[in-house]
>>> print(open('work_22.cif').read())   # mmCIF, C-alpha atoms and all ligand atoms
data_data
loop_
_atom_site.label_atom_id
_atom_site.label_comp_id
_atom_site.auth_asym_id
_atom_site.auth_seq_id
_atom_site.Cartn_x
_atom_site.Cartn_y
_atom_site.Cartn_z
CA MET V 21 144.22 76.98 128.24
CA THR V 22 141.41 74.61 127.45
CA PHE V 23 139.28 76.49 129.87
CA ARG V 24 140.08 79.86 128.23
CA PHE V 25 139.34 78.44 124.80
CA LYS V 26 135.94 77.22 125.99
CA THR V 27 135.16 80.55 127.62
CA THR V 28 135.95 82.40 124.40
CA ASN V 29 133.74 80.01 122.47
CA THR V 30 130.94 80.45 124.94
CA VAL V 31 131.24 84.23 124.75
CA ILE V 32 131.19 84.16 120.93
CA PHE V 33 128.20 81.83 120.98
CA CYS V 34 126.34 84.09 123.42
CA VAL V 35 127.01 87.21 121.33
CA PHE V 36 125.72 85.43 118.21
CA ALA V 37 122.68 84.11 120.04
CA LEU V 38 121.93 87.59 121.34
CA LEU V 39 122.31 89.18 117.89
CA ALA V 40 120.09 86.52 116.31
CA ALA V 41 117.46 86.93 118.99
CA LEU V 42 117.30 90.74 118.89
CA PRO V 43 115.41 91.39 115.66
CA SER V 44 113.06 88.45 116.14
CA SER V 45 112.13 89.41 119.70
CA HIS V 46 111.39 92.90 118.36
CA ALA V 47 109.21 91.40 115.62
CA ASP V 48 107.47 89.25 118.22
CA SER V 49 106.64 92.28 120.32
CA TRP V 50 105.02 93.99 117.29
CA LYS V 51 103.14 90.78 116.62
CA SER V 52 101.79 90.44 120.14
CA LYS V 53 100.70 94.10 120.08
CA ARG V 54 99.03 93.50 116.70
CA LEU V 55 97.15 90.46 117.97
CA ALA V 56 95.99 92.43 121.03
CA MET V 57 94.70 95.15 118.67
CA VAL V 58 92.79 92.55 116.65
CA GLY V 59 91.25 91.30 119.90
CA GLU V 60 90.04 94.84 120.64
CA ILE V 61 88.59 95.16 117.13
CA GLU V 62 86.71 91.88 117.58
CA ALA V 63 85.25 93.16 120.88
CA ASP V 64 84.21 96.44 119.17
CA VAL V 65 82.52 94.43 116.40
CA ARG V 66 80.53 92.49 119.02
CA ASP V 67 79.59 95.76 120.78
CA THR V 68 78.37 97.34 117.52
CA SER V 69 76.75 94.23 116.05
CA ARG V 70 73.31 95.87 116.00
CA PHE V 71 74.66 98.49 113.54
CA LEU V 72 76.66 96.04 111.46
CA GLY V 73 74.12 93.22 111.24
CA LYS V 74 76.86 90.73 112.26
CA ASN V 75 78.95 90.10 115.34
CA LYS V 76 82.06 88.51 113.81
CA LEU V 77 84.49 89.55 111.09
CA ASP V 78 85.03 87.17 108.17
CA ASN V 79 88.13 84.99 108.45
CA ASN V 80 89.90 86.52 105.45
CA VAL V 81 89.62 89.99 107.03
CA LEU V 82 90.84 88.75 110.42
CA LYS V 83 93.81 87.08 108.75
CA ALA V 84 94.72 90.33 106.95
CA LEU V 85 94.47 92.38 110.18
CA LYS V 86 96.74 89.89 111.96
CA LYS V 87 99.30 90.09 109.17
CA VAL V 88 99.60 93.72 107.98
CA GLN V 89 102.27 95.60 109.90
CA ARG V 90 100.49 98.82 110.81
CA HIS V 91 103.68 100.17 112.38
CA GLU V 92 105.16 100.38 108.85
CA PHE V 93 102.36 102.78 107.81
CA VAL V 94 102.77 105.50 110.46
CA PRO V 95 105.48 108.15 110.97
CA PRO V 96 108.50 106.77 112.92
CA GLN V 97 107.75 108.83 116.04
CA LEU V 98 104.25 107.27 116.25
CA GLN V 99 105.28 103.64 115.71
CA LYS V 100 104.90 102.88 119.41
CA SER V 101 101.20 103.84 119.14
CA ALA V 102 100.62 101.97 115.87
CA TYR V 103 98.66 99.14 117.48
CA GLN V 104 96.29 101.31 119.47
CA ASN V 105 92.80 101.02 118.04
CA ARG V 106 92.61 104.66 116.96
CA PRO V 107 93.36 106.96 114.03
CA LEU V 108 96.81 108.60 113.94
CA PRO V 109 98.14 111.64 112.06
CA ILE V 110 100.18 110.86 108.92
CA GLY V 111 101.07 114.45 107.93
CA PHE V 112 99.45 116.88 105.47
CA GLY V 113 96.48 117.19 107.85
CA GLN V 114 95.43 113.58 107.09
CA THR V 115 95.03 110.47 109.24
CA ILE V 116 95.38 106.70 109.02
CA SER V 117 91.89 105.44 109.91
CA GLN V 118 91.02 103.62 113.14
CA PRO V 119 91.76 99.87 112.65
CA TYR V 120 88.19 98.94 113.70
CA ILE V 121 86.83 101.18 110.92
CA VAL V 122 89.24 99.66 108.35
CA ALA V 123 88.13 96.22 109.52
CA ILE V 124 84.39 96.81 109.17
CA MET V 125 84.70 98.71 105.89
CA THR V 126 86.63 95.80 104.41
CA ASP V 127 84.35 93.17 105.92
CA LEU V 128 81.06 94.72 104.81
CA LEU V 129 82.17 94.68 101.17
CA ALA V 130 81.85 90.86 101.39
CA LEU V 131 84.89 90.48 99.13
CA LYS V 132 85.82 87.42 97.06
CA GLN V 133 89.46 86.71 96.29
CA THR V 134 88.98 87.32 92.56
CA ASP V 135 87.47 90.81 93.10
CA ARG V 136 88.88 94.05 91.69
CA VAL V 137 88.55 96.78 94.29
CA LEU V 138 88.94 100.56 94.02
CA GLU V 139 89.93 102.64 97.04
CA ILE V 140 89.58 106.44 97.12
CA GLY V 141 92.02 108.07 99.59
CA THR V 142 95.26 106.03 99.73
CA GLY V 143 96.57 108.05 102.72
CA SER V 144 99.18 105.84 104.40
CA GLY V 145 98.36 102.81 102.22
CA TYR V 146 97.21 100.70 105.20
CA GLN V 147 93.64 100.12 104.00
CA ALA V 148 95.01 99.29 100.53
CA ALA V 149 97.37 96.71 102.08
CA ILE V 150 94.49 95.10 104.01
CA LEU V 151 92.49 94.91 100.77
CA GLY V 152 95.57 93.56 98.98
CA GLU V 153 95.69 90.63 101.42
CA VAL V 154 92.05 89.78 100.71
CA VAL V 155 91.62 90.24 96.93
CA ASP V 156 93.67 89.75 93.77
CA LYS V 157 93.66 93.33 92.49
CA VAL V 158 93.48 96.70 94.26
CA PHE V 159 93.48 100.17 92.69
CA THR V 160 93.97 103.17 94.97
CA ILE V 161 93.88 106.92 94.31
CA GLU V 162 95.31 109.74 96.46
CA ILE V 163 94.84 113.44 95.74
CA ILE V 164 97.86 114.71 97.77
CA GLU V 165 100.83 113.96 95.54
CA GLU V 166 103.46 113.60 98.26
CA LEU V 167 101.31 111.30 100.43
CA GLY V 168 100.45 109.17 97.41
CA LYS V 169 104.13 108.85 96.45
CA ILE V 170 105.18 107.83 99.97
CA ALA V 171 102.36 105.26 100.18
CA ALA V 172 103.15 103.80 96.73
CA GLU V 173 106.84 103.40 97.65
CA ARG V 174 105.91 101.83 100.97
CA LEU V 175 103.54 99.31 99.36
CA GLU V 176 106.21 98.46 96.80
CA LYS V 177 108.85 97.97 99.53
CA LEU V 178 106.48 95.73 101.50
CA GLY V 179 106.00 93.56 98.41
CA TYR V 180 102.38 94.32 97.45
CA ARG V 181 102.56 93.59 93.72
CA ASN V 182 98.75 93.44 93.36
CA ILE V 183 98.14 97.08 94.32
CA ARG V 184 98.23 99.89 91.74
CA ALA V 185 98.40 103.38 93.18
CA LYS V 186 97.96 106.68 91.37
CA ILE V 187 97.73 110.39 92.14
CA GLY V 188 94.47 112.02 91.12
CA ASP V 189 91.02 113.15 92.11
CA GLY V 190 89.21 110.02 93.24
CA TYR V 191 85.83 111.73 92.87
CA TYR V 192 86.07 110.73 89.21
CA GLY V 193 87.22 107.18 89.92
CA TRP V 194 89.56 105.28 87.57
CA PRO V 195 87.57 104.94 84.32
CA GLY V 196 90.39 103.09 82.50
CA GLU V 197 90.23 100.22 85.02
CA ALA V 198 86.44 100.17 85.60
CA PRO V 199 84.20 98.39 86.32
CA PHE V 200 84.98 97.37 89.91
CA ASP V 201 83.39 94.71 92.11
CA SER V 202 83.68 97.02 95.11
CA ILE V 203 84.61 100.60 95.91
CA VAL V 204 85.74 101.93 99.30
CA VAL V 205 85.90 105.67 99.92
CA THR V 206 88.00 106.59 102.96
CA ALA V 207 87.17 110.33 103.07
CA ALA V 208 83.78 111.90 103.82
CA ALA V 209 81.75 113.01 100.80
CA SER V 210 78.77 115.37 100.80
CA HIS V 211 77.04 112.96 98.38
CA ILE V 212 77.74 109.71 96.55
CA PRO V 213 79.92 110.66 93.55
CA PRO V 214 78.01 109.68 90.36
CA PRO V 215 81.23 108.66 88.50
CA LEU V 216 81.93 106.07 91.23
CA LEU V 217 78.41 104.71 91.01
CA LYS V 218 78.84 104.36 87.26
CA GLN V 219 82.14 102.45 87.69
CA LEU V 220 80.62 99.90 90.06
CA LYS V 221 79.56 96.53 88.58
CA PRO V 222 75.88 95.63 88.84
CA GLY V 223 75.65 93.60 92.05
CA GLY V 224 78.70 95.45 93.41
CA ARG V 225 79.08 97.22 96.75
CA MET V 226 80.39 100.61 97.79
CA ILE V 227 81.16 101.76 101.31
CA ILE V 228 81.43 105.49 101.87
CA PRO V 229 81.16 108.01 104.73
CA VAL V 230 78.57 110.61 103.76
CA GLY V 231 77.99 113.96 105.46
CA SER V 232 79.36 117.39 106.17
CA ARG V 233 82.99 117.87 107.16
CA PHE V 234 81.95 119.77 110.28
CA MET V 235 79.58 117.15 111.63
CA VAL V 236 79.46 113.45 112.38
CA GLN V 237 78.97 111.55 109.13
CA GLN V 238 77.14 108.32 108.39
CA LEU V 239 78.93 105.28 107.06
CA VAL V 240 76.80 104.13 104.12
CA LEU V 241 76.79 100.73 102.45
CA LEU V 242 75.47 100.90 98.90
CA GLU V 243 74.51 97.96 96.72
CA LYS V 244 74.11 98.46 92.98
CA THR V 245 71.25 96.34 91.74
CA LYS V 246 71.29 94.43 88.45
CA ASP V 247 69.02 97.01 86.81
CA ASP V 248 71.57 99.77 87.58
CA SER V 249 69.65 101.38 90.41
CA PHE V 250 70.92 101.11 93.98
CA LYS V 251 69.89 100.70 97.57
CA THR V 252 71.69 102.12 100.59
CA ARG V 253 71.90 101.29 104.27
CA GLN V 254 73.18 103.72 106.93
CA LEU V 255 75.43 101.78 109.26
CA LEU V 256 76.87 103.94 112.02
CA PRO V 257 78.09 107.46 112.81
CA VAL V 258 81.75 108.07 111.90
CA ARG V 259 84.21 110.93 111.55
CA PHE V 260 86.47 111.09 108.48
CA VAL V 261 88.64 113.78 106.89
CA PRO V 262 86.75 115.36 103.96
CA LEU V 263 86.81 114.20 100.36
CA THR V 264 88.29 117.18 98.55
CA GLY V 265 88.67 117.62 94.84
CA GLY V 266 86.47 118.43 91.92
CA GLN V 267 82.99 117.58 92.98
CA PRO V 268 80.46 120.21 91.89
N1 LIG V 301 92.82 104.98 103.61
C1 LIG V 301 93.79 105.76 104.34
C2 LIG V 301 93.19 106.81 105.23
C3 LIG V 301 92.87 107.95 104.46
S1 LIG V 301 92.52 109.51 105.10
C4 LIG V 301 94.72 104.88 105.14
O1 LIG V 301 94.50 103.67 105.23
O2 LIG V 301 95.68 105.42 105.67
C5 LIG V 301 91.75 110.09 103.62
C6 LIG V 301 92.65 110.33 102.45
O3 LIG V 301 91.82 110.71 101.35
C7 LIG V 301 93.63 111.48 102.66
O4 LIG V 301 94.93 111.03 102.40
C8 LIG V 301 93.19 112.52 101.63
O5 LIG V 301 94.25 113.27 101.08
C9 LIG V 301 92.52 111.66 100.58
N2 LIG V 301 91.56 112.33 99.71
C10 LIG V 301 90.69 113.32 100.01
N3 LIG V 301 89.97 113.68 98.93
C11 LIG V 301 90.41 112.89 97.90
C12 LIG V 301 90.06 112.78 96.52
N4 LIG V 301 89.13 113.54 95.97
N5 LIG V 301 90.69 111.84 95.78
C13 LIG V 301 91.65 111.03 96.32
N6 LIG V 301 92.04 111.11 97.61
C14 LIG V 301 91.41 112.02 98.39
#
>>> encode(input="work_22.cif", output="structure tokens")
Amino acid sequence: MTFRFKTTNTVIFCVFALLAALPSSHADSWKSKRLAMVGEIEADVRDTSRFLGKNKLDNNVLKALKKVQRHEFVPPQLQKSAYQNRPLPIGFGQTISQPYIVAIMTDLLALKQTDRVLEIGTGSGYQAAILGEVVDKVFTIEIIEELGKIAAERLEKLGYRNIRAKIGDGYYGWPGEAPFDSIVVTAAASHIPPPLLKQLKPGGRMIIPVGSRFMVQQLVLLEKTKDDSFKTRQLLPVRFVPLTGGQP
């Protein structure tokens, strides 16, 4: 009798232990995949240091990459590939950018925690979430209504209270919230949109892929000088989906 009682207790204990362990071991496996991805990004940064002018990401960017759950930002059937260092389709002919690209675009803005940052091209919301880990206030604009709605709901569910998302044509920026310390454009533009330049603070930075949709584009880092002119630096060849919308 005593023996049977003990066995039952042991069985109950084991079932509870198993149930408790299941979700956390799952979370751990995402985490180890995520850390491996960050390792690959760091190696890519070292390999491309001559383009970037640095061979290490800033600590705040590394911390954000280690934390943000990229598997929450991709369609369910692609979750198993979420921590590969490559872009993935997110529907509507759009993609979530390659993590290495998100990392360097964020890093090269040289962000301070108190910065207000504008992103053009919300897409999945992943880049916005990375920015949201690094700075106090993020504004993000998506032109495809359904994508923008899904991303806004996702960011809300994940607890990002410092990110404001809206549907609109990002070519024209967000005049009501300007000026911004930094602007990141995550779709390729044929030229630097003048409204975005106007909404950047003097001393602020913009990172934007520039070039034709049919060819390899150049990732450009722009710095607005105090006298309202700007200087640009071409960083490296990239391939982005095109910036659509109302540019002339
Ligand atoms: N930053 C995204 C990747 C975006 S892909 C992420 O982290 O997942 C580029 C996105 O820019 C697409 O969703 C596309 O619909 C959007 N886009 C293209 N032109 C735009 C415009 N003029 N204004 C706002 N969004 C635009």
>>> residues_near_ligand(input="work_22.cif", ligand="ligand LIG 301 (chain V)", cutoff="9 Å", atoms="all atoms listed in the file", output="PyMOL selection string")
chain V and resi 93-94+107-108+110-119+122+139-150+160-165+167-168+171+187-193+204-209+260-267
>>> atom_distance(input="work_22.cif", atom1="atom CA of V:Leu55", atom2="atom CA of V:Thr126")
18.0 Å
>>> atom_distance(input="work_22.cif", atom1="atom CA of V:Asp247", atom2="atom CA of V:Asp156")
26.6 Å
>>> closest_residue(input="work_22.cif", among="V:Tyr103, V:Phe234, V:Tyr120, V:Phe200", to="V:Ser49", atoms="all atoms listed in the file")
V:Tyr103
>>> residues_near_point(input="work_22.cif", point="(89.9, 87.3, 105.4)", cutoff="12 Å", atoms="all atoms listed in the file", output="list in words")
Lys76, Leu77, Asp78, Asn79, Asn80, Val81, Leu82, Lys83, Ala84, Leu85, Lys86, Lys87, Val88, Ala123, Ile124, Thr126, Asp127, Leu128, Leu129, Ala130, Leu131, Lys132, Gln133, Ile150, Leu151, Gly152, Glu153, Val154 and Val155 of chain V
>>> residues_near_point(input="work_22.cif", point="(80.0, 112.2, 104.7)", cutoff="8 Å", atoms="only C-alpha atoms", output="list in words")
Ala207, Ala208, Ala209, Ser210, His211, Ile228, Pro229, Val230, Gly231, Ser232, Arg233, Val236, Gln237, Gln238, Leu239, Phe260 and Pro262 of chain V
>>> build_atoms(input="work_22.cif", residues="stretch 212-223 of chain V", atoms="all heavy atoms", output="PDB file, in the coordinates of the input")
ATOM      1  N   ILE V 212      77.070 110.839  97.215  1.00  0.00           N
ATOM      2  CA  ILE V 212      77.740 109.710  96.550  1.00  0.00           C
ATOM      3  C   ILE V 212      78.156 110.152  95.151  1.00  0.00           C
ATOM      4  O   ILE V 212      77.299 110.530  94.335  1.00  0.00           O
ATOM      5  CB  ILE V 212      76.821 108.485  96.521  1.00  0.00           C
ATOM      6  CG1 ILE V 212      76.652 107.982  97.963  1.00  0.00           C
ATOM      7  CG2 ILE V 212      77.390 107.387  95.632  1.00  0.00           C
ATOM      8  CD1 ILE V 212      75.484 107.093  98.195  1.00  0.00           C
ATOM      9  N   PRO V 213      79.477 110.156  94.848  1.00  0.00           N
ATOM     10  CA  PRO V 213      79.920 110.660  93.550  1.00  0.00           C
ATOM     11  C   PRO V 213      79.359 109.821  92.383  1.00  0.00           C
ATOM     12  O   PRO V 213      79.620 108.608  92.307  1.00  0.00           O
ATOM     13  CB  PRO V 213      81.451 110.542  93.617  1.00  0.00           C
ATOM     14  CG  PRO V 213      81.776 110.535  95.076  1.00  0.00           C
ATOM     15  CD  PRO V 213      80.619 109.816  95.723  1.00  0.00           C
ATOM     16  N   PRO V 214      78.594 110.437  91.474  1.00  0.00           N
ATOM     17  CA  PRO V 214      78.010 109.680  90.360  1.00  0.00           C
ATOM     18  C   PRO V 214      79.044 108.897  89.525  1.00  0.00           C
ATOM     19  O   PRO V 214      78.746 107.762  89.121  1.00  0.00           O
ATOM     20  CB  PRO V 214      77.305 110.757  89.525  1.00  0.00           C
ATOM     21  CG  PRO V 214      77.016 111.848  90.512  1.00  0.00           C
ATOM     22  CD  PRO V 214      78.135 111.835  91.489  1.00  0.00           C
ATOM     23  N   PRO V 215      80.278 109.460  89.292  1.00  0.00           N
ATOM     24  CA  PRO V 215      81.230 108.660  88.500  1.00  0.00           C
ATOM     25  C   PRO V 215      81.572 107.321  89.177  1.00  0.00           C
ATOM     26  O   PRO V 215      81.800 106.316  88.497  1.00  0.00           O
ATOM     27  CB  PRO V 215      82.475 109.551  88.423  1.00  0.00           C
ATOM     28  CG  PRO V 215      81.995 110.930  88.709  1.00  0.00           C
ATOM     29  CD  PRO V 215      80.836 110.779  89.647  1.00  0.00           C
ATOM     30  N   LEU V 216      81.601 107.319  90.521  1.00  0.00           N
ATOM     31  CA  LEU V 216      81.930 106.070  91.230  1.00  0.00           C
ATOM     32  C   LEU V 216      80.799 105.058  91.087  1.00  0.00           C
ATOM     33  O   LEU V 216      81.032 103.864  90.883  1.00  0.00           O
ATOM     34  CB  LEU V 216      82.217 106.347  92.707  1.00  0.00           C
ATOM     35  CG  LEU V 216      83.443 107.220  93.005  1.00  0.00           C
ATOM     36  CD1 LEU V 216      83.660 107.322  94.508  1.00  0.00           C
ATOM     37  CD2 LEU V 216      84.700 106.656  92.327  1.00  0.00           C
ATOM     38  N   LEU V 217      79.581 105.577  91.156  1.00  0.00           N
ATOM     39  CA  LEU V 217      78.410 104.710  91.010  1.00  0.00           C
ATOM     40  C   LEU V 217      78.429 104.047  89.629  1.00  0.00           C
ATOM     41  O   LEU V 217      78.154 102.853  89.476  1.00  0.00           O
ATOM     42  CB  LEU V 217      77.163 105.572  91.181  1.00  0.00           C
ATOM     43  CG  LEU V 217      75.891 104.855  91.554  1.00  0.00           C
ATOM     44  CD1 LEU V 217      76.094 103.963  92.762  1.00  0.00           C
ATOM     45  CD2 LEU V 217      74.793 105.888  91.854  1.00  0.00           C
ATOM     46  N   LYS V 218      78.801 104.855  88.643  1.00  0.00           N
ATOM     47  CA  LYS V 218      78.840 104.360  87.260  1.00  0.00           C
ATOM     48  C   LYS V 218      79.909 103.267  87.107  1.00  0.00           C
ATOM     49  O   LYS V 218      79.728 102.323  86.335  1.00  0.00           O
ATOM     50  CB  LYS V 218      79.159 105.544  86.334  1.00  0.00           C
ATOM     51  CG  LYS V 218      78.862 105.279  84.903  1.00  0.00           C
ATOM     52  CD  LYS V 218      78.816 106.541  84.071  1.00  0.00           C
ATOM     53  CE  LYS V 218      79.003 106.145  82.625  1.00  0.00           C
ATOM     54  NZ  LYS V 218      79.844 107.068  81.894  1.00  0.00           N
ATOM     55  N   GLN V 219      81.029 103.397  87.850  1.00  0.00           N
ATOM     56  CA  GLN V 219      82.140 102.450  87.690  1.00  0.00           C
ATOM     57  C   GLN V 219      82.000 101.180  88.534  1.00  0.00           C
ATOM     58  O   GLN V 219      82.895 100.340  88.554  1.00  0.00           O
ATOM     59  CB  GLN V 219      83.465 103.172  88.002  1.00  0.00           C
ATOM     60  CG  GLN V 219      83.808 104.216  86.941  1.00  0.00           C
ATOM     61  CD  GLN V 219      84.980 105.103  87.332  1.00  0.00           C
ATOM     62  OE1 GLN V 219      85.916 104.655  87.992  1.00  0.00           O
ATOM     63  NE2 GLN V 219      84.930 106.357  86.903  1.00  0.00           N
ATOM     64  N   LEU V 220      80.879 101.089  89.247  1.00  0.00           N
ATOM     65  CA  LEU V 220      80.620  99.900  90.060  1.00  0.00           C
ATOM     66  C   LEU V 220      79.859  98.877  89.227  1.00  0.00           C
ATOM     67  O   LEU V 220      78.916  99.232  88.509  1.00  0.00           O
ATOM     68  CB  LEU V 220      79.793 100.332  91.283  1.00  0.00           C
ATOM     69  CG  LEU V 220      79.627  99.371  92.438  1.00  0.00           C
ATOM     70  CD1 LEU V 220      80.976  98.987  93.049  1.00  0.00           C
ATOM     71  CD2 LEU V 220      78.735 100.021  93.521  1.00  0.00           C
ATOM     72  N   LYS V 221      80.268  97.602  89.316  1.00  0.00           N
ATOM     73  CA  LYS V 221      79.560  96.530  88.580  1.00  0.00           C
ATOM     74  C   LYS V 221      78.151  96.365  89.125  1.00  0.00           C
ATOM     75  O   LYS V 221      77.952  96.526  90.341  1.00  0.00           O
ATOM     76  CB  LYS V 221      80.286  95.198  88.777  1.00  0.00           C
ATOM     77  CG  LYS V 221      81.445  94.979  87.862  1.00  0.00           C
ATOM     78  CD  LYS V 221      81.955  93.547  88.029  1.00  0.00           C
ATOM     79  CE  LYS V 221      83.340  93.428  87.434  1.00  0.00           C
ATOM     80  NZ  LYS V 221      84.012  92.185  87.783  1.00  0.00           N
ATOM     81  N   PRO V 222      77.188  95.996  88.294  1.00  0.00           N
ATOM     82  CA  PRO V 222      75.880  95.630  88.840  1.00  0.00           C
ATOM     83  C   PRO V 222      76.081  94.490  89.844  1.00  0.00           C
ATOM     84  O   PRO V 222      76.843  93.551  89.583  1.00  0.00           O
ATOM     85  CB  PRO V 222      75.104  95.146  87.616  1.00  0.00           C
ATOM     86  CG  PRO V 222      75.823  95.755  86.458  1.00  0.00           C
ATOM     87  CD  PRO V 222      77.263  95.869  86.849  1.00  0.00           C
ATOM     88  N   GLY V 223      75.431  94.598  90.986  1.00  0.00           N
ATOM     89  CA  GLY V 223      75.650  93.600  92.050  1.00  0.00           C
ATOM     90  C   GLY V 223      76.791  93.981  92.976  1.00  0.00           C
ATOM     91  O   GLY V 223      77.001  93.327  93.991  1.00  0.00           O
TER      92      GLY V 223
END
